Structures are given as structure tokens and as C-alpha cells.
>>> print(open('query04.cif').read())   # mmCIF, C-alpha atoms and all ligand atoms
data_run
#
loop_
_atom_site.label_atom_id
_atom_site.label_comp_id
_atom_site.auth_asym_id
_atom_site.auth_seq_id
_atom_site.Cartn_x
_atom_site.Cartn_y
_atom_site.Cartn_z
CA MET A 538 25.12 34.33 1.20
CA THR A 539 28.31 34.43 -0.77
CA ASP A 540 31.04 36.40 0.86
CA ILE A 541 31.30 39.37 -1.48
CA ALA A 542 34.84 40.29 -0.47
CA SER A 543 36.28 36.82 -1.12
CA LEU A 544 34.37 36.53 -4.43
CA GLN A 545 35.86 39.86 -5.50
CA SER A 546 39.44 38.90 -4.66
CA GLN A 547 38.93 35.56 -6.47
CA ILE A 548 37.69 37.27 -9.63
CA LEU A 549 40.44 39.93 -9.51
CA ALA A 550 43.07 37.18 -9.17
CA ASP A 551 41.56 35.40 -12.21
CA ILE A 552 41.67 38.65 -14.19
CA ASN A 553 45.33 39.17 -13.36
CA ALA A 554 46.16 35.58 -14.22
CA ALA A 555 44.54 35.84 -17.68
CA GLY A 556 47.46 35.69 -20.14
CA ASP A 557 45.67 36.75 -23.29
CA GLU A 558 42.41 38.29 -24.47
CA ALA A 559 40.64 34.93 -24.86
CA ALA A 560 41.42 33.91 -21.26
CA LEU A 561 40.31 37.33 -20.04
CA ASP A 562 37.03 36.99 -21.92
CA ALA A 563 36.39 33.64 -20.27
CA VAL A 564 36.87 35.30 -16.88
CA ARG A 565 34.47 38.06 -17.91
CA VAL A 566 31.77 35.55 -18.94
CA ALA A 567 32.27 33.58 -15.73
CA ALA A 568 31.70 36.73 -13.66
CA LEU A 569 29.47 39.09 -15.64
CA GLY A 570 27.89 36.73 -18.18
CA LYS A 571 24.24 35.66 -17.95
CA LYS A 572 25.15 32.75 -15.72
CA GLY A 573 28.15 34.48 -14.18
CA SER A 574 28.86 34.63 -10.46
CA VAL A 575 28.28 38.38 -10.17
CA SER A 576 25.10 38.21 -12.25
CA ALA A 577 23.85 35.42 -10.01
CA LEU A 578 24.45 37.61 -7.02
CA LEU A 579 22.55 40.47 -8.63
CA ALA A 580 19.62 38.12 -9.33
CA THR A 581 19.28 37.34 -5.60
CA MET A 582 18.57 41.03 -4.84
CA GLY A 583 14.84 40.62 -5.59
CA LYS A 584 14.43 38.02 -2.88
CA LEU A 585 15.92 40.16 -0.15
CA THR A 586 13.98 42.21 2.39
CA PRO A 587 14.14 45.99 1.83
CA GLU A 588 16.58 46.32 4.76
CA GLU A 589 18.86 43.61 3.46
CA ARG A 590 18.69 45.12 -0.05
CA LYS A 591 19.70 48.53 1.27
CA GLN A 592 22.76 47.00 2.80
CA GLN A 593 23.67 44.43 0.11
CA GLY A 594 22.77 46.51 -2.99
CA PRO A 595 25.67 48.95 -2.95
CA LEU A 596 28.10 46.13 -2.10
CA VAL A 597 27.04 43.97 -5.08
CA ASN A 598 26.93 46.95 -7.44
CA GLY A 599 30.38 47.97 -6.21
CA LEU A 600 31.62 44.46 -6.95
CA LYS A 601 30.22 44.64 -10.46
CA ASP A 602 31.90 48.02 -11.11
CA THR A 603 35.23 46.90 -9.68
CA VAL A 604 35.23 43.75 -11.82
CA THR A 605 34.19 45.69 -14.96
CA ASP A 606 36.98 48.24 -14.43
CA ALA A 607 39.58 45.56 -13.68
CA ILE A 608 38.69 43.71 -16.88
CA ALA A 609 38.99 46.90 -18.95
CA ALA A 610 42.35 47.73 -17.38
CA ARG A 611 43.70 44.22 -17.93
CA LYS A 612 42.46 44.28 -21.52
CA ALA A 613 44.38 47.49 -22.23
CA GLN A 614 47.45 46.00 -20.55
CA LEU A 615 47.27 42.85 -22.70
CA ALA A 616 46.83 44.91 -25.88
CA ASP A 617 49.90 46.99 -25.00
CA ALA A 618 51.95 43.90 -24.33
CA ALA A 619 50.83 42.31 -27.61
CA LEU A 620 51.83 45.46 -29.50
CA GLU A 621 55.20 45.59 -27.77
CA MET A 622 55.83 41.99 -28.69
CA ARG A 623 54.89 42.58 -32.29
CA LEU A 624 57.10 45.65 -32.52
CA ALA A 625 59.98 43.74 -31.01
CA SER A 626 59.56 40.80 -33.38
CA GLU A 627 59.22 42.99 -36.47
CA LYS A 628 62.07 45.32 -35.58
CA VAL A 629 64.48 46.09 -38.44
CA ASP A 630 67.85 47.44 -37.43
CA VAL A 631 68.71 49.74 -40.30
CA THR A 632 72.08 50.50 -38.76
CA LEU A 633 73.35 46.96 -39.31
CA PRO A 634 76.35 46.81 -41.65
CA PRO A 635 76.04 44.50 -44.67
CA VAL A 636 77.05 40.93 -43.97
CA PRO A 637 80.68 40.90 -45.15
CA GLU A 638 80.59 37.54 -46.94
CA ASN A 639 77.66 38.60 -49.08
CA SER A 640 78.65 42.14 -49.94
CA GLY A 641 80.29 43.23 -53.17
CA THR A 642 83.38 45.37 -53.32
CA VAL A 643 84.26 48.55 -55.13
CA HIS A 644 86.63 47.87 -58.04
CA PRO A 645 90.02 49.56 -57.61
CA ILE A 646 89.42 51.58 -60.80
CA SER A 647 86.15 52.96 -59.39
CA GLN A 648 87.89 53.65 -56.09
CA VAL A 649 90.72 55.54 -57.80
CA LEU A 650 88.18 57.46 -59.83
CA GLU A 651 86.40 58.56 -56.65
CA GLU A 652 89.68 59.50 -55.03
CA ILE A 653 90.80 61.61 -58.00
CA THR A 654 87.43 63.34 -58.14
CA ALA A 655 87.68 64.18 -54.42
CA ILE A 656 91.16 65.66 -54.86
CA PHE A 657 90.23 67.82 -57.83
CA ALA A 658 86.91 68.89 -56.35
CA ASP A 659 88.97 70.31 -53.50
CA LEU A 660 91.03 72.29 -56.01
CA GLY A 661 87.86 73.74 -57.57
CA PHE A 662 87.62 71.49 -60.63
CA ALA A 663 84.29 70.28 -62.02
CA VAL A 664 83.81 66.87 -63.64
CA ALA A 665 83.10 66.89 -67.38
CA GLU A 666 81.90 63.91 -69.40
CA GLY A 667 82.00 62.74 -72.97
CA PRO A 668 80.81 59.63 -74.85
CA ASP A 669 82.93 56.55 -75.53
CA VAL A 670 81.84 56.59 -79.17
CA GLU A 671 83.20 59.96 -80.22
CA PHE A 672 83.21 62.13 -83.34
CA ASP A 673 86.39 61.61 -85.33
CA ASP A 674 86.38 65.42 -85.49
CA TYR A 675 86.59 65.83 -81.69
CA ASN A 676 88.95 62.91 -81.12
CA PHE A 677 91.37 64.09 -83.81
CA THR A 678 90.70 67.02 -86.15
CA ARG A 679 89.93 69.76 -83.62
CA LEU A 680 92.83 68.55 -81.52
CA ASN A 681 95.07 69.58 -84.40
CA ILE A 682 95.30 66.09 -85.89
CA PRO A 683 93.90 66.47 -89.47
CA PRO A 684 92.75 63.34 -91.38
CA ASP A 685 96.00 62.77 -93.25
CA HIS A 686 98.24 63.58 -90.28
CA PRO A 687 100.79 60.86 -89.45
CA ALA A 688 100.06 61.43 -85.74
CA ARG A 689 96.84 59.42 -86.18
CA GLN A 690 99.06 56.38 -86.37
CA MET A 691 100.38 57.13 -82.88
CA GLN A 692 97.08 55.86 -81.60
CA ASP A 693 95.80 52.61 -83.01
CA THR A 694 92.20 53.53 -83.45
CA PHE A 695 89.06 51.42 -83.39
CA TYR A 696 86.95 52.94 -86.17
CA VAL A 697 83.18 52.68 -85.95
CA ALA A 698 81.26 51.67 -89.10
CA PRO A 699 79.01 54.47 -90.41
CA GLN A 700 75.56 54.36 -88.81
CA GLN A 701 72.19 55.69 -89.87
CA GLY A 702 71.77 59.20 -88.53
CA ASP A 703 75.50 59.96 -88.59
CA GLN A 704 74.91 62.59 -91.26
CA GLY A 705 78.30 61.86 -92.71
CA ALA A 706 80.21 62.37 -89.44
CA ALA A 707 82.77 59.64 -88.81
CA HIS A 708 82.92 58.04 -85.37
CA VAL A 709 85.67 56.28 -83.44
CA LEU A 710 85.99 54.70 -80.02
CA ARG A 711 87.78 57.56 -78.33
CA THR A 712 91.49 56.87 -78.13
CA HIS A 713 91.97 59.30 -75.25
CA THR A 714 89.90 61.56 -72.98
CA SER A 715 91.20 64.67 -74.79
CA PRO A 716 88.02 65.07 -76.93
CA VAL A 717 86.32 66.11 -73.68
CA GLN A 718 88.62 69.16 -73.80
CA VAL A 719 86.97 70.05 -77.12
CA ARG A 720 83.47 69.42 -75.79
CA THR A 721 84.15 71.55 -72.72
CA MET A 722 85.63 74.49 -74.62
CA LEU A 723 82.80 74.44 -77.16
CA ALA A 724 80.25 74.50 -74.35
CA GLN A 725 81.69 77.02 -71.91
CA LYS A 726 83.86 80.09 -71.80
CA PRO A 727 86.97 80.58 -69.62
CA PRO A 728 87.78 80.36 -66.79
CA ILE A 729 87.61 76.59 -67.26
CA ARG A 730 88.74 74.05 -64.68
CA VAL A 731 87.59 70.50 -65.35
CA ILE A 732 88.71 66.92 -65.04
CA SER A 733 87.25 64.12 -67.07
CA PRO A 734 87.84 60.52 -66.06
CA GLY A 735 86.61 57.73 -68.30
CA ARG A 736 87.13 54.79 -70.64
CA THR A 737 89.42 54.94 -73.64
CA TYR A 738 90.21 52.40 -76.39
CA ARG A 739 93.19 51.43 -78.51
CA VAL A 740 94.07 48.39 -80.60
CA ASP A 741 96.71 47.17 -78.20
CA SER A 742 96.96 44.23 -75.84
CA ASP A 743 99.81 42.79 -73.79
CA ALA A 744 101.00 42.62 -70.15
CA THR A 745 100.97 46.40 -69.75
CA HIS A 746 98.32 47.35 -72.33
CA SER A 747 94.63 46.62 -72.48
CA PRO A 748 92.40 47.50 -75.49
CA MET A 749 90.07 49.26 -73.06
CA PHE A 750 91.71 51.33 -70.37
CA HIS A 751 91.01 54.49 -68.37
CA GLN A 752 92.37 58.00 -68.44
CA VAL A 753 91.74 61.12 -66.47
CA GLU A 754 91.96 64.36 -68.39
CA ALA A 755 92.48 67.76 -66.79
CA LEU A 756 91.94 71.08 -68.51
CA VAL A 757 92.51 74.61 -67.22
CA VAL A 758 91.95 77.64 -69.45
CA ASP A 759 92.17 81.21 -68.18
CA GLU A 760 94.15 84.41 -68.61
CA GLY A 761 97.84 84.05 -67.77
CA ILE A 762 97.98 80.25 -67.34
CA HIS A 763 101.55 78.99 -67.75
CA LEU A 764 103.71 75.90 -67.39
CA GLY A 765 104.26 76.57 -63.67
CA HIS A 766 100.54 76.04 -63.05
CA LEU A 767 100.73 72.71 -64.87
CA LYS A 768 103.75 71.55 -62.86
CA TRP A 769 102.22 72.59 -59.53
CA THR A 770 98.91 70.90 -60.30
CA VAL A 771 100.50 67.62 -61.40
CA GLU A 772 102.79 67.47 -58.36
CA GLU A 773 100.09 68.47 -55.90
CA PHE A 774 97.68 65.97 -57.39
CA CYS A 775 100.19 63.10 -57.26
CA ARG A 776 101.18 63.89 -53.69
CA ALA A 777 97.52 63.94 -52.60
CA PHE A 778 96.70 60.80 -54.57
CA PHE A 779 99.60 58.65 -53.38
CA GLU A 780 99.22 60.00 -49.84
CA ILE A 781 102.97 60.30 -49.19
CA ASP A 782 105.40 63.21 -49.60
CA THR A 783 108.33 61.14 -50.81
CA ILE A 784 107.05 60.38 -54.30
CA GLU A 785 109.41 61.37 -57.07
CA LEU A 786 108.19 62.63 -60.43
CA ARG A 787 110.12 63.17 -63.61
CA ALA A 788 109.04 65.28 -66.59
CA ARG A 789 110.34 64.47 -70.06
CA PRO A 790 109.96 66.66 -73.16
CA SER A 791 107.50 65.03 -75.51
CA PHE A 792 105.21 65.65 -78.45
CA PHE A 793 101.44 65.83 -78.82
CA PRO A 794 99.81 67.68 -81.73
CA PHE A 795 97.39 69.37 -79.31
CA THR A 796 99.92 70.75 -76.80
CA GLU A 797 102.95 72.97 -77.18
CA PRO A 798 105.23 72.53 -75.37
CA SER A 799 104.47 68.93 -74.31
CA LEU A 800 105.71 67.01 -71.31
CA GLU A 801 105.39 63.40 -70.21
CA TRP A 802 105.37 62.45 -66.54
CA ASP A 803 106.90 59.37 -64.94
CA MET A 804 106.95 58.24 -61.34
CA ARG A 805 109.86 56.51 -59.61
CA CYS A 806 109.03 52.93 -58.67
CA ASP A 807 110.57 49.60 -57.82
CA ARG A 808 109.83 46.55 -59.97
CA SER A 809 112.89 44.52 -58.97
CA VAL A 810 110.80 41.82 -57.27
CA PRO A 811 108.80 39.98 -59.97
CA GLY A 812 105.03 40.30 -59.51
CA GLN A 813 105.40 43.33 -57.25
CA ILE A 814 105.40 47.05 -57.77
CA LYS A 815 106.32 49.72 -55.19
CA PHE A 816 106.48 53.48 -55.40
CA GLY A 817 108.63 56.02 -53.59
CA THR A 818 111.81 53.93 -54.04
CA GLY A 819 113.62 51.96 -56.74
CA ASN A 820 115.39 52.60 -60.01
CA ASP A 821 112.49 52.20 -62.39
CA TRP A 822 109.97 54.68 -63.80
CA LEU A 823 106.31 54.13 -64.56
CA GLU A 824 104.71 56.37 -67.15
CA LEU A 825 101.77 58.36 -65.79
CA GLY A 826 100.82 60.20 -68.96
CA GLY A 827 101.17 63.25 -71.18
CA SER A 828 100.58 66.94 -70.65
CA GLY A 829 101.34 70.36 -72.03
CA MET A 830 100.13 73.86 -72.77
CA VAL A 831 97.00 73.70 -74.92
CA HIS A 832 98.04 74.40 -78.52
CA ARG A 833 96.74 77.80 -79.63
CA ARG A 834 95.26 76.17 -82.73
CA VAL A 835 93.17 73.90 -80.49
CA LEU A 836 91.90 76.93 -78.55
CA GLU A 837 90.95 78.61 -81.84
CA ASN A 838 89.31 75.39 -83.17
CA CYS A 839 87.08 75.50 -80.08
CA GLY A 840 86.20 79.19 -80.35
CA ILE A 841 88.51 80.52 -77.64
CA ASP A 842 90.58 83.65 -78.19
CA SER A 843 94.16 82.39 -78.03
CA GLY A 844 95.47 85.95 -77.81
CA ARG A 845 93.72 86.44 -74.50
CA TYR A 846 93.60 82.97 -72.98
CA SER A 847 96.06 80.15 -72.46
CA GLY A 848 95.64 76.76 -70.85
CA PHE A 849 97.22 73.52 -69.79
CA ALA A 850 95.99 69.96 -70.03
CA PHE A 851 97.07 66.52 -69.00
CA GLY A 852 95.84 63.01 -69.58
CA PHE A 853 96.99 60.36 -67.13
CA GLY A 854 96.49 56.62 -67.19
CA LEU A 855 94.08 55.78 -64.40
CA ASP A 856 94.81 52.05 -64.46
CA ARG A 857 98.52 52.72 -64.03
CA MET A 858 97.91 55.03 -61.12
CA ALA A 859 95.77 52.34 -59.49
CA MET A 860 98.47 49.71 -60.16
CA LEU A 861 101.10 51.87 -58.50
CA LYS A 862 99.04 52.93 -55.52
CA TYR A 863 97.64 49.52 -54.70
CA GLY A 864 100.61 47.39 -55.80
CA ILE A 865 98.79 45.60 -58.62
CA PRO A 866 101.45 44.24 -60.99
CA ASP A 867 99.39 43.25 -64.06
CA ILE A 868 96.97 45.61 -65.83
CA ARG A 869 94.97 42.72 -67.30
CA SER A 870 93.83 41.54 -63.87
CA PHE A 871 91.61 44.66 -63.66
CA PHE A 872 89.35 43.32 -66.38
CA GLU A 873 89.29 39.59 -65.68
CA SER A 874 86.41 39.77 -63.14
CA ASP A 875 88.05 37.15 -60.95
CA LEU A 876 86.02 37.19 -57.73
CA ARG A 877 88.98 36.21 -55.56
CA TRP A 878 90.98 39.11 -57.03
CA LEU A 879 88.06 41.50 -56.54
CA ARG A 880 87.66 40.46 -52.91
CA HIS A 881 91.38 40.95 -52.32
CA TYR A 882 91.83 44.28 -54.10
CA GLY A 883 88.28 45.66 -53.80
CA PHE A 884 87.14 48.35 -51.38
CA ALA A 885 84.28 48.52 -48.90
CA ALA A 886 81.21 49.90 -50.63
CA LEU A 887 80.34 52.39 -47.91
CA ASP A 888 83.77 54.03 -47.50
CA ILE A 889 83.53 57.08 -49.70
CA PRO A 890 86.90 58.75 -50.25
CA THR A 891 87.21 62.31 -48.98
CA LEU A 892 90.23 64.47 -48.34
CA ASP A 893 89.45 65.03 -44.67
CA GLY A 894 88.17 61.51 -43.98
CA GLY A 895 91.06 59.80 -45.79
CA LEU A 896 91.18 58.78 -49.43
CA SER A 897 91.87 55.08 -48.96
CA ARG A 898 91.31 53.18 -45.76
N1 LIG B 901 95.71 62.50 -74.84
C1 LIG B 901 97.10 62.20 -74.62
C2 LIG B 901 97.24 60.70 -74.66
O1 LIG B 901 96.78 59.91 -74.84
C3 LIG B 901 97.59 62.65 -73.29
C4 LIG B 901 97.57 64.14 -73.17
C5 LIG B 901 96.47 64.77 -72.64
C6 LIG B 901 98.66 64.89 -73.58
C7 LIG B 901 96.46 66.16 -72.51
C8 LIG B 901 98.65 66.25 -73.47
C9 LIG B 901 97.54 66.86 -72.92
O2 LIG B 901 97.84 59.97 -74.52
#
>>> encode(input="query04.cif", output="C-alpha cells")
Amino acid sequence: MTDIASLQSQILADINAAGDEAALDAVRVAALGKKGSVSALLATMGKLTPEERKQQGPLVNGLKDTVTDAIAARKAQLADAALEMRLASEKVDVTLPPVPENSGTVHPISQVLEEITAIFADLGFAVAEGPDVEFDDYNFTRLNIPPDHPARQMQDTFYVAPQQGDQGAAHVLRTHTSPVQVRTMLAQKPPIRVISPGRTYRVDSDATHSPMFHQVEALVVDEGIHLGHLKWTVEEFCRAFFEIDTIELRARPSFFPFTEPSLEWDMRCDRSVPGQIKFGTGNDWLELGGSGMVHRRVLENCGIDSGRYSGFAFGFGLDRMAMLKYGIPDIRSFFESDLRWLRHYGFAALDIPTLDGGLSR
């Protein structure tokens, strides 16, 4: 007679030692299968005397139950472990930062654009947009520059050949972002507070000029707007943008057909070391752009009552602001797509400029 207790501990040890479901199944067949050790034991029951059966029966049945339960428990354990292993091997860590060598960078122009948007959003300005291919009417005529006006020669324009569907309207590549002033005033009534950053085009190319460049336009129209508002906004904006209090701005009287009076703004900088540009010190000035009180004729051309409302506008060169802030001496390098330059001057893609988090890090 097999010793039931030692058979049981042998089978239980085999169950525990089974490392996967196949091994466990082999143990099950060896114990509970047709020719298994437990089944063999059960088969001997018939040959026992009634007394012996009374005594042995519950023991053998108990063995069978214990083994069955142990196999089920081990099976569940193995399934859990297999799942854990699979989860561990398929784990994706979504918090991993991009691998630095393989990641792109944000172009300084895009960075500056984000920074300017963050500053003006904080001042309650919305962002307005206009197309690069603009109506001649919006780029010039409604801005108080009629077709025969000599001021058109101030801006060397790329004219666009007439297209089907133009319905006689002439188009140009916009020479400034000021046509977005027109679009905004035609579309909404005062109070108006918008900025409009974007691409602009002029037939011009040398060390400090590129035929495609960027401007940011600002327009405020409301009751009682005066030159003081313009001055405050420009100074506040520049201080926030350059992130230091010691910047020095200079306003010069100027002329634009669409503003009266007109002012141009320069910023003090140092260009005494060739290939370098610094702001906050030095004896040189870098032109930021033009500004002025919106000409009453422009307000009227856009359907705004110039007796009731007044406004100011400015249009600054975005590329120049980026050059100053990030010490980039040559405007042409912005558009050369030199990967080494982009890696050096570019910004991390996930650092979004905010006023409280820091504009540039
Ligand atoms: N549009 C002008 C320019 O190109 C700048 C400007 C904008 C001037 C708004 C006055 C007001 O150069």
C-alpha cells in the first residue's frame, strides 16, 4: 500500500516546482490522468475489504481533492506571473523625454513669436491673421496709399500676376502686416486690441535685409486712445520681451501714410565686436519698427467713426527683435536651414513660453 501522505507531499512538491503551464499539465497527467498515481490508487479501492475501504476511501478522495485544488491554485499563479511579465515587457513610459540627439528644435523666429503672443495675451490682446497674398487695396489703398502715391515706392513690392477668380482685384505679397489692421477694422467694431505676427515680403536682400521677413503688428482702437498709450505699450512690451529693465528705447519722428503722427523706435545696442550684437549697452541703435496714431482717413476707410474713436498701431520687425534678444548677428542665417545653426540657436520643443513660467529658458 502506497503511503498516501508521502505520495501527496511528492505531488505537491512537483506542482510547486512546475515553472509553466506545460510542466504543470504534465504533473496533472502523472497524478490524475488515466494512468496517474492518484487514479491508480483509486482503482485499488474495489479490491479492498469493506472495512479497509471505509478507512482508505476518505484518505484517497482527500488526496485527489488536495491535488486538484493545488493544481488549480498553481495554474492561477502561473497565469498571473505570465501576465505580469508581459505587462513589464510591453511597458511604455510615456513620461520619457525625447532623445535629445534625435529631436528637432524650435526656430528662434517661432520662439519669438510665441513669446510675443504670451506677452500681449497678458495685456488682453487677441491674435489676428491675414494672408500672405493680399489685396492691393488692403495693403495700400485703404491704408491711405492710393495707386499713384509716391509712398508705394517706399516699399519695393512683389506684385502677383492676375489670377482667374480675382474679379479684377490686384494682389501683392504683403509688404507689411498693416493690411491686417484693415481686415480687423472691417470685421469688428471698437474696442479693438489685436496683434498680428506674420510673414512679409519686399524686393530687398543684403546682410540686414531678407526678401521674406517677419513683422508683428499691433492695433488698438477705442474712445480716447492717445500717444501716451502707444508709448506705454511699446515700452512695456520691450521690457517684457527682452526680460531686463535696463533696455533703452528711442523714438524718432517719422512718416507713414497710415499714421499721424508717426514715430519710429530704435533700441540701444552694441555692435562694436564684429559678428556680435548686444543690447542694453553700446553706442549703436537697432531699428525696431514704425508706429503712430491711426490716420483718421484709415479709420474712415474701414468704416470706423473717426470723430468718436482713435487708435494707435505699430509694426515691428520680428527678425530684428530675435537677433537682438538672442545675439544673432546676421539676418540671413535665419533662413539658411543650417542644421548646426538650428541646433545652436533653436529652442526645446516642449518649453512653451509663458509670463509666469519664464519666456526663454
Ligand atoms: N507698416 C509699417 C512698415 O512697414 C510699420 C508701421 C506699422 C508703421 C503700424 C506705423 C503703424 O514698415
>>> closest_residue(input="query04.cif", among="A:Leu756, A:Met749, A:Cys775, A:Leu861", to="ligand LIG 901 (chain B)", atoms="only C-alpha atoms and all ligand atoms")
A:Leu756
>>> atom_distance(input="query04.cif", atom1="CA of Gln592 (chain A)", atom2="CA of Leu579 (chain A)")
13.2 Å
>>> closest_atom_pairs(input="query04.cif", of="chain A", to="ligand LIG 901 (chain B)", cutoff="10 Å", atoms="only C-alpha atoms and all ligand atoms", output="tab-separated table")
residue	atom	partner	partner_atom	distance
A:Asn676	CA	B:LIG901	N1	9.2
A:Leu680	CA	B:LIG901	N1	9.5
A:Met691	CA	B:LIG901	O2	9.2
A:Gln692	CA	B:LIG901	O1	7.9
A:Arg711	CA	B:LIG901	O1	9.9
A:Thr712	CA	B:LIG901	O1	6.9
A:His713	CA	B:LIG901	O1	4.9
A:Thr714	CA	B:LIG901	N1	6.2
A:Ser715	CA	B:LIG901	N1	5.0
A:Pro716	CA	B:LIG901	N1	8.4
A:Gln718	CA	B:LIG901	C7	8.5
A:Thr737	CA	B:LIG901	O1	9.0
A:Arg739	CA	B:LIG901	O1	9.9
A:Gln752	CA	B:LIG901	O1	8.0
A:Val753	CA	B:LIG901	C5	8.6
A:Glu754	CA	B:LIG901	C5	6.2
A:Ala755	CA	B:LIG901	C7	7.1
A:Leu756	CA	B:LIG901	C7	7.8
A:Ser791	CA	B:LIG901	C6	9.0
A:Phe792	CA	B:LIG901	C6	8.2
A:Phe793	CA	B:LIG901	C6	6.0
A:Pro794	CA	B:LIG901	C8	8.5
A:Phe795	CA	B:LIG901	C8	6.7
A:Thr796	CA	B:LIG901	C8	5.7
A:Glu797	CA	B:LIG901	C8	8.8
A:Pro798	CA	B:LIG901	C8	9.3
A:Ser799	CA	B:LIG901	C8	6.5
A:Leu800	CA	B:LIG901	C8	7.4
A:Glu801	CA	B:LIG901	C6	7.7
A:Leu825	CA	B:LIG901	C3	9.6
A:Gly826	CA	B:LIG901	C3	5.9
A:Gly827	CA	B:LIG901	C6	3.8
A:Ser828	CA	B:LIG901	C8	3.5
A:Gly829	CA	B:LIG901	C8	5.1
A:Met830	CA	B:LIG901	C9	7.5
A:Val831	CA	B:LIG901	C9	7.1
A:His832	CA	B:LIG901	C9	9.4
A:Phe849	CA	B:LIG901	C9	7.4
A:Ala850	CA	B:LIG901	C9	4.5
A:Phe851	CA	B:LIG901	C7	3.6
A:Gly852	CA	B:LIG901	C5	3.6
A:Phe853	CA	B:LIG901	C3	6.6
A:Gly854	CA	B:LIG901	O2	8.2
>>> atom_distance(input="query04.cif", atom1="CA of Met582 (chain A)", atom2="CA of Ala560 (chain A)")
29.0 Å
>>> closest_residue(input="query04.cif", among="A:Pro728, A:Pro811, A:Gly641, A:Gly705", to="Ala885 (chain A)", atoms="only C-alpha atoms")
A:Gly641
>>> atom_distance(input="query04.cif", atom1="CA of Ala618 (chain A)", atom2="CA of Glu558 (chain A)")
11.1 Å
>>> residues_around(input="query04.cif", residues="Val649 (chain A)", least_positions_apart="4", cutoff="7 Å", atoms="only C-alpha atoms", output="MDAnalysis selection string")
chainID A and resid 645 653 859
>>> closest_residue(input="query04.cif", among="A:Pro866, A:Pro790, A:Pro748, A:Gly583", to="Ser809 (chain A)", atoms="only C-alpha atoms")
A:Pro866
>>> closest_residue(input="query04.cif", among="A:Ala559, A:Leu585, A:Thr642, A:Thr770", to="Ser874 (chain A)", atoms="only C-alpha atoms")
A:Thr642
>>> closest_residue(input="query04.cif", among="A:Asp669, A:Asp821, A:Glu760, A:Asp743", to="Tyr846 (chain A)", atoms="only C-alpha atoms")
A:Glu760
>>> closest_residue(input="query04.cif", among="A:Ser742, A:Ser626, A:Asn553, A:Ser647", to="Lys612 (chain A)", atoms="all atoms listed in the file")
A:Asn553
>>> residues_near_point(input="query04.cif", point="(41.4, 47.2, -16.6)", cutoff="12 Å", atoms="all atoms listed in the file", output="list in words")
Leu549, Ile552, Asn553, Ala555, Glu558, Leu561, Arg565, Asp602, Thr603, Val604, Thr605, Asp606, Ala607, Ile608, Ala609, Ala610, Arg611, Lys612, Ala613, Gln614, Leu615, Ala616 and Asp617 of chain A
>>> residues_around(input="query04.cif", residues="Asp759 (chain A)", least_positions_apart="6", cutoff="9 Å", atoms="only C-alpha atoms", output="PyMOL selection string")
chain A and resi 727-730+845-848
>>> residues_around(input="query04.cif", residues="Asp842 (chain A)", least_positions_apart="5", cutoff="10 Å", atoms="all atoms listed in the file", output="ChimeraX atom specification")
/A:726-727,833-834,836-837,847
>>> residues_around(input="query04.cif", residues="Gln813 (chain A)", least_positions_apart="2", cutoff="12 Å", atoms="all atoms listed in the file", output="PyMOL selection string")
chain A and resi 806-811+815-816+819+860-867
>>> residues_near_point(input="query04.cif", point="(110.2, 64.6, -57.5)", cutoff="12 Å", atoms="all atoms listed in the file", output="PDB file with C-alpha atoms, in the frame of the given file")
ATOM      1  CA  LYS A 768     103.750  71.550 -62.860  1.00  0.00           C
ATOM      2  CA  TRP A 769     102.220  72.590 -59.530  1.00  0.00           C
ATOM      3  CA  VAL A 771     100.500  67.620 -61.400  1.00  0.00           C
ATOM      4  CA  GLU A 772     102.790  67.470 -58.360  1.00  0.00           C
ATOM      5  CA  GLU A 773     100.090  68.470 -55.900  1.00  0.00           C
ATOM      6  CA  CYS A 775     100.190  63.100 -57.260  1.00  0.00           C
ATOM      7  CA  ARG A 776     101.180  63.890 -53.690  1.00  0.00           C
ATOM      8  CA  ILE A 781     102.970  60.300 -49.190  1.00  0.00           C
ATOM      9  CA  ASP A 782     105.400  63.210 -49.600  1.00  0.00           C
ATOM     10  CA  THR A 783     108.330  61.140 -50.810  1.00  0.00           C
ATOM     11  CA  ILE A 784     107.050  60.380 -54.300  1.00  0.00           C
ATOM     12  CA  GLU A 785     109.410  61.370 -57.070  1.00  0.00           C
ATOM     13  CA  LEU A 786     108.190  62.630 -60.430  1.00  0.00           C
ATOM     14  CA  ARG A 787     110.120  63.170 -63.610  1.00  0.00           C
ATOM     15  CA  ALA A 788     109.040  65.280 -66.590  1.00  0.00           C
ATOM     16  CA  TRP A 802     105.370  62.450 -66.540  1.00  0.00           C
ATOM     17  CA  ASP A 803     106.900  59.370 -64.940  1.00  0.00           C
ATOM     18  CA  MET A 804     106.950  58.240 -61.340  1.00  0.00           C
ATOM     19  CA  ARG A 805     109.860  56.510 -59.610  1.00  0.00           C
ATOM     20  CA  CYS A 806     109.030  52.930 -58.670  1.00  0.00           C
ATOM     21  CA  PHE A 816     106.480  53.480 -55.400  1.00  0.00           C
ATOM     22  CA  GLY A 817     108.630  56.020 -53.590  1.00  0.00           C
ATOM     23  CA  THR A 818     111.810  53.930 -54.040  1.00  0.00           C
ATOM     24  CA  TRP A 822     109.970  54.680 -63.800  1.00  0.00           C
TER      25      TRP A 822
END
